[in-house]
>>> print(open('query-v3.txt').read())   # compact mmCIF, C-alpha atoms and all ligand atoms
# COMPACT_ATOMS: atom_id res chain seq x y z
CA MET A 1 -1.14 148.08 197.48
CA ALA A 2 0.42 148.98 194.21
CA GLU A 3 1.04 148.02 190.66
CA VAL A 4 4.72 147.78 189.71
CA ILE A 5 5.84 147.91 186.10
CA LEU A 6 9.31 147.11 184.82
CA LYS A 7 9.85 148.35 181.26
CA ASN A 8 13.01 147.24 179.46
CA ILE A 9 14.89 147.29 182.73
CA LYS A 10 18.61 146.80 182.27
CA LYS A 11 21.50 146.74 184.71
CA ILE A 12 25.15 147.07 183.84
CA TYR A 13 27.65 147.04 186.69
CA PRO A 14 30.63 149.15 185.56
CA PHE A 15 34.06 147.53 185.71
CA GLY A 16 36.20 148.33 188.70
CA ASP A 17 39.30 148.54 186.49
CA ARG A 18 40.77 147.23 183.22
CA LYS A 19 42.06 144.05 184.86
CA GLU A 20 38.59 143.20 186.10
CA LYS A 21 37.23 143.69 182.60
CA LYS A 22 39.60 141.06 181.25
CA GLU A 23 38.89 138.59 184.05
CA LEU A 24 35.13 138.91 183.78
CA ALA A 25 35.18 138.59 180.00
CA GLY A 26 36.67 135.13 180.48
CA ARG A 27 33.65 133.89 182.42
CA THR A 28 31.32 132.38 179.89
CA ASN A 29 28.00 132.83 181.67
CA LEU A 30 28.43 136.59 181.96
CA THR A 31 27.57 139.03 179.24
CA VAL A 32 30.32 141.62 179.26
CA THR A 33 29.89 144.83 177.30
CA GLU A 34 32.22 147.77 176.81
CA GLU A 35 30.66 149.46 179.84
CA GLY A 36 30.62 146.54 182.25
CA VAL A 37 28.86 143.36 183.29
CA LEU A 38 25.34 143.05 181.92
CA SER A 39 23.54 141.62 184.95
CA VAL A 40 19.92 142.12 183.94
CA HIS A 41 18.91 142.18 180.26
CA ASP A 42 15.75 143.90 179.06
CA LEU A 43 13.29 142.81 181.72
CA ASN A 44 9.62 143.47 181.06
CA LEU A 45 7.16 142.66 183.79
CA THR A 46 3.85 144.05 184.97
CA ILE A 47 3.22 143.16 188.60
CA LYS A 48 -0.45 143.54 189.36
CA ASP A 49 -1.75 145.13 192.54
CA LYS A 50 -1.63 142.56 195.38
CA GLU A 51 0.09 140.00 193.19
CA PHE A 52 2.76 137.71 194.67
CA ILE A 53 5.62 137.52 192.18
CA VAL A 54 8.59 135.22 192.69
CA LEU A 55 11.94 135.76 190.96
CA VAL A 56 13.72 132.42 190.83
CA GLY A 57 16.91 131.11 189.25
CA PRO A 58 20.41 129.92 190.05
CA SER A 59 22.92 132.02 191.94
CA GLY A 60 24.15 135.02 189.95
CA CYS A 61 21.20 135.17 187.53
CA GLY A 62 20.24 138.73 188.53
CA LYS A 63 17.46 138.23 191.09
CA SER A 64 18.88 140.45 193.83
CA THR A 65 19.95 143.06 191.31
CA THR A 66 16.37 143.25 190.04
CA LEU A 67 14.95 143.48 193.54
CA ASN A 68 17.49 146.12 194.54
CA MET A 69 16.56 148.21 191.52
CA ILE A 70 12.89 148.08 192.57
CA ALA A 71 13.91 149.06 196.11
CA GLY A 72 16.12 151.88 194.88
CA LEU A 73 19.28 150.37 196.37
CA GLU A 74 20.82 150.02 192.88
CA ASP A 75 20.64 152.49 189.99
CA ILE A 76 18.73 151.37 186.93
CA THR A 77 21.06 151.54 183.92
CA SER A 78 18.19 151.93 181.45
CA GLY A 79 14.46 151.35 181.26
CA ASP A 80 11.56 152.57 183.37
CA LEU A 81 10.32 151.53 186.77
CA LEU A 82 6.75 152.57 187.51
CA ILE A 83 4.95 152.26 190.82
CA ASP A 84 1.25 153.04 190.55
CA GLY A 85 1.85 154.74 187.24
CA GLN A 86 4.64 157.00 188.49
CA ARG A 87 8.18 156.72 187.19
CA VAL A 88 10.35 156.21 190.26
CA ASN A 89 13.81 155.56 188.74
CA ASP A 90 15.15 158.63 190.49
CA VAL A 91 13.06 158.52 193.66
CA GLU A 92 15.05 157.84 196.85
CA PRO A 93 14.49 154.38 198.44
CA GLN A 94 12.85 155.84 201.56
CA ASP A 95 10.34 157.71 199.42
CA ARG A 96 9.23 154.67 197.40
CA ASP A 97 6.92 153.30 200.08
CA ILE A 98 8.59 149.91 199.85
CA ALA A 99 9.79 147.57 202.60
CA MET A 100 12.49 144.96 202.16
CA VAL A 101 13.40 141.84 204.12
CA PHE A 102 16.90 140.45 203.68
CA GLN A 103 18.31 136.95 204.07
CA SER A 104 20.62 138.19 206.81
CA TYR A 105 17.70 139.75 208.81
CA ALA A 106 19.80 142.90 209.36
CA LEU A 107 18.39 143.58 212.85
CA TYR A 108 19.99 146.13 215.19
CA PRO A 109 21.65 143.91 217.84
CA HIS A 110 21.58 146.47 220.66
CA MET A 111 17.86 147.22 220.29
CA SER A 112 14.95 145.22 221.67
CA VAL A 113 12.52 143.55 219.28
CA TYR A 114 10.04 146.34 219.96
CA ASP A 115 12.60 149.03 219.14
CA ASN A 116 13.76 147.18 216.04
CA MET A 117 10.19 147.06 214.79
CA SER A 118 9.33 150.65 215.65
CA PHE A 119 12.57 152.31 214.53
CA ALA A 120 11.52 153.25 211.00
CA LEU A 121 8.21 154.67 212.26
CA LYS A 122 9.96 156.82 214.87
CA LEU A 123 12.18 158.28 212.17
CA LYS A 124 9.03 159.22 210.28
CA HIS A 125 7.59 160.88 213.42
CA VAL A 126 4.56 158.61 213.54
CA PRO A 127 2.68 159.30 216.83
CA LYS A 128 3.64 157.04 219.72
CA GLU A 129 0.21 155.45 220.16
CA GLU A 130 0.04 154.67 216.46
CA ILE A 131 3.51 153.06 216.59
CA ASP A 132 2.46 151.00 219.58
CA ARG A 133 -0.70 149.83 217.87
CA ARG A 134 1.11 148.82 214.67
CA VAL A 135 3.96 147.02 216.42
CA LYS A 136 1.57 145.03 218.60
CA GLU A 137 -0.62 144.14 215.68
CA ALA A 138 2.35 142.91 213.61
CA ALA A 139 3.73 141.00 216.61
CA GLU A 140 0.33 139.35 216.95
CA ILE A 141 0.25 138.32 213.28
CA LEU A 142 3.76 136.88 213.53
CA ASP A 143 3.29 135.28 216.94
CA ILE A 144 6.20 137.14 218.56
CA SER A 145 4.24 139.23 221.12
CA GLU A 146 6.00 137.59 224.06
CA TYR A 147 9.47 138.49 222.75
CA LEU A 148 9.01 142.23 222.29
CA ASN A 149 11.41 143.10 225.11
CA ARG A 150 14.14 140.69 224.11
CA LYS A 151 17.28 141.49 222.17
CA PRO A 152 17.77 139.69 218.84
CA LYS A 153 20.59 137.52 220.21
CA ALA A 154 18.12 135.91 222.62
CA LEU A 155 15.98 134.70 219.73
CA SER A 156 16.18 131.66 217.44
CA GLY A 157 16.85 132.10 213.71
CA GLY A 158 13.18 131.67 212.90
CA GLN A 159 12.14 134.25 215.49
CA ARG A 160 14.69 136.74 214.19
CA GLN A 161 13.32 136.29 210.71
CA ARG A 162 9.83 137.03 212.06
CA VAL A 163 11.12 140.24 213.63
CA ALA A 164 12.68 141.24 210.32
CA ILE A 165 9.35 140.62 208.61
CA GLY A 166 7.51 142.45 211.41
CA ARG A 167 9.73 145.47 210.96
CA ALA A 168 8.62 145.58 207.33
CA ILE A 169 4.93 145.00 208.08
CA VAL A 170 4.60 147.92 210.53
CA ARG A 171 5.55 150.32 207.78
CA ASN A 172 2.45 149.33 205.87
CA PRO A 173 4.35 149.43 202.58
CA LYS A 174 2.84 149.53 199.11
CA VAL A 175 5.26 146.85 198.01
CA PHE A 176 6.89 144.13 200.04
CA LEU A 177 10.28 142.90 198.79
CA MET A 178 11.93 139.78 200.17
CA ASP A 179 15.38 138.51 199.18
CA GLU A 180 15.83 134.84 200.08
CA PRO A 181 14.27 135.39 203.52
CA LEU A 182 14.24 131.70 204.42
CA SER A 183 17.66 130.62 203.16
CA ASN A 184 19.32 130.76 206.57
CA LEU A 185 16.77 128.51 208.25
CA ASP A 186 16.96 124.73 208.59
CA THR A 187 14.66 122.61 206.41
CA LYS A 188 11.90 122.06 208.93
CA LEU A 189 11.70 125.70 209.94
CA ARG A 190 11.90 126.77 206.33
CA ASN A 191 8.86 124.67 205.42
CA GLN A 192 7.00 126.08 208.39
CA MET A 193 7.90 129.69 207.56
CA ARG A 194 6.90 129.10 203.94
CA ALA A 195 3.40 128.25 205.10
CA GLU A 196 3.49 131.32 207.39
CA ILE A 197 4.33 133.56 204.45
CA ILE A 198 1.32 132.22 202.55
CA LYS A 199 -0.89 133.13 205.51
CA LEU A 200 0.84 136.48 205.98
CA ARG A 201 0.26 137.36 202.38
CA HIS A 202 -3.49 136.89 202.79
CA ARG A 203 -3.56 138.96 205.97
CA ILE A 204 -1.58 141.97 204.83
CA ASN A 205 -2.88 141.96 201.27
CA THR A 206 -0.16 143.89 199.48
CA THR A 207 2.07 143.47 196.44
CA PHE A 208 4.97 141.05 196.98
CA VAL A 209 8.18 140.49 195.06
CA TYR A 210 9.98 137.52 196.51
CA VAL A 211 13.44 136.25 195.50
CA THR A 212 14.58 132.67 195.96
CA HIS A 213 16.85 130.09 194.30
CA ASP A 214 14.53 127.32 195.52
CA GLN A 215 12.03 126.05 192.99
CA THR A 216 9.74 124.61 195.68
CA GLU A 217 9.44 128.02 197.35
CA ALA A 218 8.74 129.59 193.97
CA MET A 219 6.07 127.05 193.09
CA THR A 220 4.29 127.16 196.45
CA LEU A 221 4.36 130.95 196.97
CA GLY A 222 4.07 132.59 193.58
CA ASP A 223 0.92 133.70 191.81
CA ARG A 224 3.34 134.05 188.94
CA ILE A 225 7.00 133.14 188.65
CA VAL A 226 9.77 134.87 186.71
CA ILE A 227 12.43 132.30 186.04
CA MET A 228 15.81 133.86 185.25
CA LYS A 229 19.14 132.69 183.89
CA ASP A 230 22.21 134.82 183.15
CA GLY A 231 20.19 138.01 183.63
CA LEU A 232 17.50 137.00 181.16
CA ALA A 233 13.91 136.15 182.01
CA GLN A 234 13.41 132.68 180.54
CA GLN A 235 9.68 132.44 181.16
CA ILE A 236 7.04 134.32 183.12
CA GLY A 237 3.93 132.42 184.13
CA THR A 238 1.88 130.70 186.79
CA PRO A 239 3.42 127.69 188.55
CA GLN A 240 1.07 125.46 186.56
CA GLU A 241 2.17 127.00 183.24
CA LEU A 242 5.86 126.59 184.04
CA TYR A 243 5.35 123.01 185.12
CA GLY A 244 2.99 122.06 182.30
CA ARG A 245 4.50 124.00 179.41
CA PRO A 246 8.10 124.99 180.04
CA ALA A 247 9.38 127.36 177.35
CA ASN A 248 12.80 125.76 177.08
CA LEU A 249 15.12 123.08 178.42
CA PHE A 250 16.38 125.29 181.21
CA VAL A 251 12.92 125.95 182.65
CA ALA A 252 12.00 122.29 182.16
CA GLY A 253 15.01 121.16 184.16
CA PHE A 254 14.72 123.82 186.85
CA ILE A 255 11.05 123.37 187.76
CA GLY A 256 9.97 120.02 189.21
CA VAL A 257 11.47 117.51 191.65
CA PRO A 258 12.90 115.06 190.76
CA GLN A 259 14.07 116.69 187.58
CA MET A 260 12.47 116.08 184.20
CA ASN A 261 14.07 113.26 182.18
CA PHE A 262 15.58 114.08 178.81
CA PHE A 263 16.16 111.72 175.87
CA ASP A 264 17.46 112.12 172.35
CA ALA A 265 14.67 111.29 169.93
CA ASP A 266 13.31 112.01 166.46
CA LEU A 267 10.23 114.05 165.71
CA ILE A 268 8.68 112.87 162.46
CA LYS A 269 5.96 114.43 160.34
CA GLU A 270 3.86 112.08 158.26
CA GLU A 271 2.35 112.66 154.83
CA ASN A 272 -1.12 112.99 156.32
CA GLY A 273 -0.03 115.82 158.61
CA SER A 274 0.10 113.81 161.83
CA TRP A 275 3.22 113.58 163.95
CA TYR A 276 5.00 110.96 165.97
CA VAL A 277 8.14 110.67 168.05
CA LYS A 278 10.59 107.86 167.54
CA LEU A 279 12.26 107.03 170.82
CA GLY A 280 14.59 104.03 170.64
CA ASP A 281 12.52 101.35 168.92
CA SER A 282 9.22 102.71 170.07
CA ARG A 283 6.81 105.03 168.36
CA ILE A 284 4.78 107.61 170.27
CA ASP A 285 1.88 109.13 168.33
CA LEU A 286 1.15 112.73 169.27
CA PRO A 287 -2.38 113.84 170.18
CA ALA A 288 -4.19 116.06 167.64
CA ASP A 289 -3.88 119.32 169.59
CA ARG A 290 -0.13 118.95 169.70
CA CYS A 291 0.09 118.21 165.98
CA GLU A 292 -1.84 121.42 165.39
CA ARG A 293 0.59 123.47 167.46
CA LEU A 294 3.58 122.00 165.66
CA ALA A 295 1.96 122.75 162.30
CA ALA A 296 1.14 126.31 163.40
CA ASN A 297 4.81 126.85 164.23
CA ASN A 298 6.00 125.45 160.90
CA VAL A 299 8.04 122.78 162.64
CA SER A 300 9.70 120.21 160.39
CA SER A 301 10.90 116.67 161.09
CA GLN A 302 14.01 116.86 163.22
CA ARG A 303 16.23 115.48 165.93
CA ILE A 304 14.85 116.58 169.31
CA THR A 305 15.29 116.38 173.05
CA LEU A 306 12.24 114.70 174.48
CA GLY A 307 11.32 115.64 178.04
CA ILE A 308 9.17 113.54 180.34
CA ARG A 309 8.65 114.07 184.06
CA PRO A 310 9.37 111.19 186.46
CA GLU A 311 5.70 111.15 187.49
CA HIS A 312 4.56 110.74 183.89
CA ILE A 313 6.21 107.38 183.28
CA ARG A 314 4.19 104.23 183.96
CA VAL A 315 6.07 101.09 184.90
CA GLY A 316 4.92 97.48 184.68
CA GLU A 317 4.19 97.18 181.01
CA GLY A 318 4.91 99.11 177.84
CA ASN A 319 7.27 98.93 174.91
CA LEU A 320 10.28 100.54 176.56
CA SER A 321 12.62 98.84 178.98
CA GLY A 322 15.41 99.69 181.36
CA THR A 323 17.55 98.29 184.14
CA VAL A 324 17.29 99.53 187.71
CA ASP A 325 20.47 101.32 188.67
CA VAL A 326 19.40 102.23 192.19
CA SER A 327 16.10 102.87 194.01
CA GLU A 328 15.29 105.39 196.71
CA MET A 329 12.43 104.32 198.96
CA LEU A 330 10.64 107.33 200.42
CA GLY A 331 7.61 105.57 201.89
CA GLY A 332 4.60 106.61 199.87
CA ALA A 333 6.68 106.64 196.70
CA ILE A 334 9.85 105.09 195.41
CA HIS A 335 12.25 106.89 193.05
CA VAL A 336 13.61 104.36 190.59
CA HIS A 337 16.75 105.31 188.66
CA LEU A 338 16.84 103.44 185.36
CA LYS A 339 19.53 102.84 182.81
CA THR A 340 17.66 103.07 179.56
CA LEU A 341 17.97 104.20 175.94
CA GLY A 342 21.69 104.75 176.33
CA SER A 343 21.01 107.25 179.07
CA SER A 344 19.46 107.41 182.52
CA ALA A 345 16.01 108.29 183.83
CA ILE A 346 14.18 108.66 187.10
CA VAL A 347 10.71 107.26 187.60
CA VAL A 348 8.44 108.07 190.53
CA VAL A 349 6.29 105.08 191.46
CA GLN A 350 3.53 105.24 194.09
CA THR A 351 4.02 102.30 196.43
CA LEU A 352 0.47 102.04 197.78
CA ASP A 353 -0.50 98.90 195.85
CA ILE A 354 2.92 97.31 195.64
CA GLU A 355 3.63 94.62 198.16
CA ASP A 356 7.41 94.81 198.25
CA PRO A 357 8.63 97.84 196.24
CA ARG A 358 12.26 97.34 197.25
CA LYS A 359 12.26 93.84 195.88
CA LEU A 360 10.38 94.74 192.72
CA PHE A 361 12.85 97.55 191.99
CA ALA A 362 16.00 95.85 193.27
CA ASP A 363 19.28 96.90 191.65
CA GLY A 364 19.67 95.24 188.27
CA ALA A 365 15.98 94.40 187.81
CA GLU A 366 14.63 94.65 184.26
CA ILE A 367 11.65 97.00 184.10
CA ARG A 368 9.19 97.60 181.28
CA TYR A 369 7.68 101.05 181.08
CA GLU A 370 5.78 103.48 178.91
CA ILE A 371 5.66 107.23 178.79
CA MET A 372 2.37 109.13 178.69
CA PRO A 373 2.09 110.84 175.27
CA ARG A 374 -0.03 113.65 176.70
CA HIS A 375 2.83 114.66 179.00
CA ILE A 376 5.85 114.62 176.75
CA HIS A 377 7.70 117.86 175.99
CA LEU A 378 9.42 118.51 172.68
CA PHE A 379 12.54 120.66 172.55
CA GLY A 380 14.73 121.58 169.60
CA LYS A 381 17.95 119.59 169.86
CA ASP A 382 20.16 122.62 169.27
CA SER A 383 17.96 125.53 170.33
CA GLY A 384 16.57 123.91 173.49
CA GLU A 385 13.34 125.81 172.81
CA ASN A 386 9.92 124.22 173.28
CA LEU A 387 8.80 123.48 169.72
CA GLU A 388 5.15 124.04 170.61
CA PHE A 389 5.70 127.64 171.66
CA PRO A 390 5.36 130.46 169.15
CA PRO A 391 8.87 131.21 167.83
CA VAL A 392 9.06 134.59 169.58
CA ARG A 393 8.20 134.60 173.27
N1 LIG B 1 28.10 145.30 192.93
C1 LIG B 1 28.34 144.52 191.86
N2 LIG B 1 29.35 144.81 191.01
C2 LIG B 1 29.60 144.05 189.92
N3 LIG B 1 28.89 142.97 189.58
C3 LIG B 1 27.88 142.61 190.40
C4 LIG B 1 27.54 143.37 191.58
N4 LIG B 1 26.48 142.77 192.18
C5 LIG B 1 26.17 141.70 191.41
N5 LIG B 1 26.99 141.61 190.34
C6 LIG B 1 26.92 140.60 189.28
O1 LIG B 1 25.63 140.63 188.71
C7 LIG B 1 25.14 139.33 188.46
C8 LIG B 1 23.83 139.12 189.17
O2 LIG B 1 24.01 139.16 190.57
P1 LIG B 1 22.83 139.02 191.60
O3 LIG B 1 21.71 139.89 191.17
O4 LIG B 1 23.37 139.23 192.95
O5 LIG B 1 22.40 137.49 191.40
P2 LIG B 1 21.43 136.58 192.29
O6 LIG B 1 20.77 137.41 193.33
O7 LIG B 1 20.47 136.01 191.28
O8 LIG B 1 22.29 135.49 192.85
C9 LIG B 1 26.24 138.37 188.92
O9 LIG B 1 26.97 137.99 187.80
C10 LIG B 1 27.07 139.20 189.86
O10 LIG B 1 28.41 138.78 189.83
MG MG B 2 20.88 137.20 195.44
>>> encode(input="query-v3.txt", output="structure tokens")
Amino acid sequence: MAEVILKNIKKIYPFGDRKEKKELAGRTNLTVTEEGVLSVHDLNLTIKDKEFIVLVGPSGCGKSTTLNMIAGLEDITSGDLLIDGQRVNDVEPQDRDIAMVFQSYALYPHMSVYDNMSFALKLKHVPKEEIDRRVKEAAEILDISEYLNRKPKALSGGQRQRVAIGRAIVRNPKVFLMDEPLSNLDTKLRNQMRAEIIKLRHRINTTFVYVTHDQTEAMTLGDRIVIMKDGLAQQIGTPQELYGRPANLFVAGFIGVPQMNFFDADLIKEENGSWYVKLGDSRIDLPADRCERLAANNVSSQRITLGIRPEHIRVGEGNLSGTVDVSEMLGGAIHVHLKTLGSSAIVVVQTLDIEDPRKLFADGAEIRYEIMPRHIHLFGKDSGENLEFPPVR
């Protein structure tokens, strides 16, 4: 158990040579400074004792770099890393009381499962009986007791991943770091292991920092999520906060499946202080609490990007209309792709009370729909920022 604090953590990877500097400067999503590639900008994060934090974002956004800095596998360019109040920037990885699980498992192929799991403890001269007790207990938790004498190559991918996790558990670390531990597993196994990690977390009761590019993993596992892009934390919050109040267009589009729909629209302030959105020919009046937030942020009438999740559109009636482009029948729900408002949108419709959803949403069908005012999101057209957030996050 431990509290981990990241204070203005920054990582710059120095250039290999002058040629590399020129090449990298040409890549638009990278911030290149005189010293090198800025991979993690000022990251501020307080991870509470026993909290499960997920770092999520697209490939190259700085997740592994952040995790490796916590582990001590990468130098911290500037800022402070505190574990239980102690600055550990210059403490060797093996002295940080941290265990890490990698995507590649990184097991020793010539050693049995038992030896793989006990190796780190032997190096620390933990007594034999104690090692035996810890290995067996971890094997029990992970349901791999019957494989302790096998070599890794005689195990399935899922079992190998369990061994890798077991090897970390036996060390009884203060902080548990995991870098995309499920990415090499097939979908079914991945879903199963995801549930296992939730159970594991409750049994071993320690602080977790978990890296993934998969928003579903982030949403299901995290107490809080740090969503990153181009080395910058875009928003830090609970899954519910990120889903319900995304700070900007990037977060809005990244969290949620299918993706949030976006439309060009106009946000208009009336004389009496109330607000509405003009979307196509329809007018959507905003609830009072939202008008208050807009007023508090000094927002003025403007062109916006309106966001609405596929599950917050009601079909059947309403003053908006669209044409079915294609429908995907999933059983309990059907995903209807509409051509509407000069753009496209996805609507999730529950099929429970619909007799023949395929027929109702056949290609080319005209559909009337409405969007739920309580669930719309308002983003600045140019800034992409959520207009209801305070200007400085
Ligand atoms: N050893 C390195 N040298 C130079 N640049 C690196 C190195 N490792 C990572 N980077 C760069 O830092 C950025 C973040 O990488 P990384 O943390 O691995 O991203 P993620 O884990 O989110 O996919 C990327 O632009 C990557 O190219
Ligand atoms: Mg990575």
>>> atom_distance(input="query-v3.txt", atom1="atom CA of A:Tyr114", atom2="atom CA of A:Gln94")
20.9 Å
>>> residues_near_point(input="query-v3.txt", point="(10.2, 128.2, 182.9)", cutoff="12 Å", atoms="all atoms listed in the file", output="PDB file with C-alpha atoms, in the frame of the given file")
ATOM      1  CA  LEU A  55      11.940 135.760 190.960  1.00  0.00           C
ATOM      2  CA  VAL A  56      13.720 132.420 190.830  1.00  0.00           C
ATOM      3  CA  GLY A  57      16.910 131.110 189.250  1.00  0.00           C
ATOM      4  CA  GLN A 215      12.030 126.050 192.990  1.00  0.00           C
ATOM      5  CA  ALA A 218       8.740 129.590 193.970  1.00  0.00           C
ATOM      6  CA  MET A 219       6.070 127.050 193.090  1.00  0.00           C
ATOM      7  CA  ARG A 224       3.340 134.050 188.940  1.00  0.00           C
ATOM      8  CA  ILE A 225       7.000 133.140 188.650  1.00  0.00           C
ATOM      9  CA  VAL A 226       9.770 134.870 186.710  1.00  0.00           C
ATOM     10  CA  ILE A 227      12.430 132.300 186.040  1.00  0.00           C
ATOM     11  CA  MET A 228      15.810 133.860 185.250  1.00  0.00           C
ATOM     12  CA  LYS A 229      19.140 132.690 183.890  1.00  0.00           C
ATOM     13  CA  LEU A 232      17.500 137.000 181.160  1.00  0.00           C
ATOM     14  CA  ALA A 233      13.910 136.150 182.010  1.00  0.00           C
ATOM     15  CA  GLN A 234      13.410 132.680 180.540  1.00  0.00           C
ATOM     16  CA  GLN A 235       9.680 132.440 181.160  1.00  0.00           C
ATOM     17  CA  ILE A 236       7.040 134.320 183.120  1.00  0.00           C
ATOM     18  CA  GLY A 237       3.930 132.420 184.130  1.00  0.00           C
ATOM     19  CA  THR A 238       1.880 130.700 186.790  1.00  0.00           C
ATOM     20  CA  PRO A 239       3.420 127.690 188.550  1.00  0.00           C
ATOM     21  CA  GLN A 240       1.070 125.460 186.560  1.00  0.00           C
ATOM     22  CA  GLU A 241       2.170 127.000 183.240  1.00  0.00           C
ATOM     23  CA  LEU A 242       5.860 126.590 184.040  1.00  0.00           C
ATOM     24  CA  TYR A 243       5.350 123.010 185.120  1.00  0.00           C
ATOM     25  CA  GLY A 244       2.990 122.060 182.300  1.00  0.00           C
ATOM     26  CA  ARG A 245       4.500 124.000 179.410  1.00  0.00           C
ATOM     27  CA  PRO A 246       8.100 124.990 180.040  1.00  0.00           C
ATOM     28  CA  ALA A 247       9.380 127.360 177.350  1.00  0.00           C
ATOM     29  CA  ASN A 248      12.800 125.760 177.080  1.00  0.00           C
ATOM     30  CA  LEU A 249      15.120 123.080 178.420  1.00  0.00           C
ATOM     31  CA  PHE A 250      16.380 125.290 181.210  1.00  0.00           C
ATOM     32  CA  VAL A 251      12.920 125.950 182.650  1.00  0.00           C
ATOM     33  CA  ALA A 252      12.000 122.290 182.160  1.00  0.00           C
ATOM     34  CA  GLY A 253      15.010 121.160 184.160  1.00  0.00           C
ATOM     35  CA  PHE A 254      14.720 123.820 186.850  1.00  0.00           C
ATOM     36  CA  ILE A 255      11.050 123.370 187.760  1.00  0.00           C
ATOM     37  CA  GLY A 256       9.970 120.020 189.210  1.00  0.00           C
ATOM     38  CA  GLU A 385      13.340 125.810 172.810  1.00  0.00           C
ATOM     39  CA  ASN A 386       9.920 124.220 173.280  1.00  0.00           C
ATOM     40  CA  ARG A 393       8.200 134.600 173.270  1.00  0.00           C
TER      41      ARG A 393
END
>>> closest_atom_pairs(input="query-v3.txt", of="chain A", to="ligand MG 2 (chain B)", cutoff="12 Å", atoms="all atoms listed in the file", output="JSON lines")
{"residue": "A:Ser39", "atom": "CA", "partner": "B:MG2", "partner_atom": "MG", "distance": 11.7}
{"residue": "A:Leu55", "atom": "CA", "partner": "B:MG2", "partner_atom": "MG", "distance": 10.1}
{"residue": "A:Val56", "atom": "CA", "partner": "B:MG2", "partner_atom": "MG", "distance": 9.8}
{"residue": "A:Gly57", "atom": "CA", "partner": "B:MG2", "partner_atom": "MG", "distance": 9.5}
{"residue": "A:Pro58", "atom": "CA", "partner": "B:MG2", "partner_atom": "MG", "distance": 9.1}
{"residue": "A:Ser59", "atom": "CA", "partner": "B:MG2", "partner_atom": "MG", "distance": 6.6}
{"residue": "A:Gly60", "atom": "CA", "partner": "B:MG2", "partner_atom": "MG", "distance": 6.8}
{"residue": "A:Cys61", "atom": "CA", "partner": "B:MG2", "partner_atom": "MG", "distance": 8.2}
{"residue": "A:Gly62", "atom": "CA", "partner": "B:MG2", "partner_atom": "MG", "distance": 7.1}
{"residue": "A:Lys63", "atom": "CA", "partner": "B:MG2", "partner_atom": "MG", "distance": 5.6}
{"residue": "A:Ser64", "atom": "CA", "partner": "B:MG2", "partner_atom": "MG", "distance": 4.1}
{"residue": "A:Thr65", "atom": "CA", "partner": "B:MG2", "partner_atom": "MG", "distance": 7.2}
{"residue": "A:Thr66", "atom": "CA", "partner": "B:MG2", "partner_atom": "MG", "distance": 9.3}
{"residue": "A:Leu67", "atom": "CA", "partner": "B:MG2", "partner_atom": "MG", "distance": 8.8}
{"residue": "A:Asn68", "atom": "CA", "partner": "B:MG2", "partner_atom": "MG", "distance": 9.6}
{"residue": "A:Phe102", "atom": "CA", "partner": "B:MG2", "partner_atom": "MG", "distance": 9.7}
{"residue": "A:Gln103", "atom": "CA", "partner": "B:MG2", "partner_atom": "MG", "distance": 9.0}
{"residue": "A:Ser104", "atom": "CA", "partner": "B:MG2", "partner_atom": "MG", "distance": 11.4}
{"residue": "A:Met178", "atom": "CA", "partner": "B:MG2", "partner_atom": "MG", "distance": 10.4}
{"residue": "A:Asp179", "atom": "CA", "partner": "B:MG2", "partner_atom": "MG", "distance": 6.8}
{"residue": "A:Glu180", "atom": "CA", "partner": "B:MG2", "partner_atom": "MG", "distance": 7.3}
{"residue": "A:Pro181", "atom": "CA", "partner": "B:MG2", "partner_atom": "MG", "distance": 10.6}
{"residue": "A:Ser183", "atom": "CA", "partner": "B:MG2", "partner_atom": "MG", "distance": 10.6}
{"residue": "A:Tyr210", "atom": "CA", "partner": "B:MG2", "partner_atom": "MG", "distance": 11.0}
{"residue": "A:Val211", "atom": "CA", "partner": "B:MG2", "partner_atom": "MG", "distance": 7.5}
{"residue": "A:Thr212", "atom": "CA", "partner": "B:MG2", "partner_atom": "MG", "distance": 7.8}
{"residue": "A:His213", "atom": "CA", "partner": "B:MG2", "partner_atom": "MG", "distance": 8.3}
{"residue": "A:Asp214", "atom": "CA", "partner": "B:MG2", "partner_atom": "MG", "distance": 11.7}
{"residue": "A:Met228", "atom": "CA", "partner": "B:MG2", "partner_atom": "MG", "distance": 11.9}
{"residue": "A:Gly231", "atom": "CA", "partner": "B:MG2", "partner_atom": "MG", "distance": 11.9}
>>> axis_aligned_box(input="query-v3.txt", around="ligand LIG 1 (chain B)", padding_each_side="3 Å", output="AutoDock Vina command-line options")
--center_x 25.0 --center_y 140.4 --center_z 190.6 --size_x 15.1 --size_y 15.8 --size_z 11.5
>>> residues_near_point(input="query-v3.txt", point="(16.8, 95.4, 186.0)", cutoff="9 Å", atoms="all atoms listed in the file", output="MDAnalysis selection string")
chainID A and resid 321:325 338:339 361:367
>>> closest_residue(input="query-v3.txt", among="A:Asn149, A:Ser112, A:Thr31, A:Asn191", to="ligand LIG 1 (chain B)", atoms="only C-alpha atoms and all ligand atoms")
A:Thr31
>>> atom_distance(input="query-v3.txt", atom1="atom CA of A:Pro93", atom2="atom CA of A:Ser156")
29.7 Å
>>> residues_around(input="query-v3.txt", residues="A:Val135", least_positions_apart="5", cutoff="8 Å", atoms="only C-alpha atoms", output="list in words")
Tyr114, Met117, Ser118, Gly166 and Val170 of chain A
>>> closest_residue(input="query-v3.txt", among="A:Ala333, A:Leu82, A:Ile98, A:Ile371", to="A:Asp353", atoms="all atoms listed in the file")
A:Ala333
>>> closest_residue(input="query-v3.txt", among="A:Arg167, A:His335, A:Lys7, A:His41", to="ligand LIG 1 (chain B)", atoms="all atoms listed in the file")
A:His41
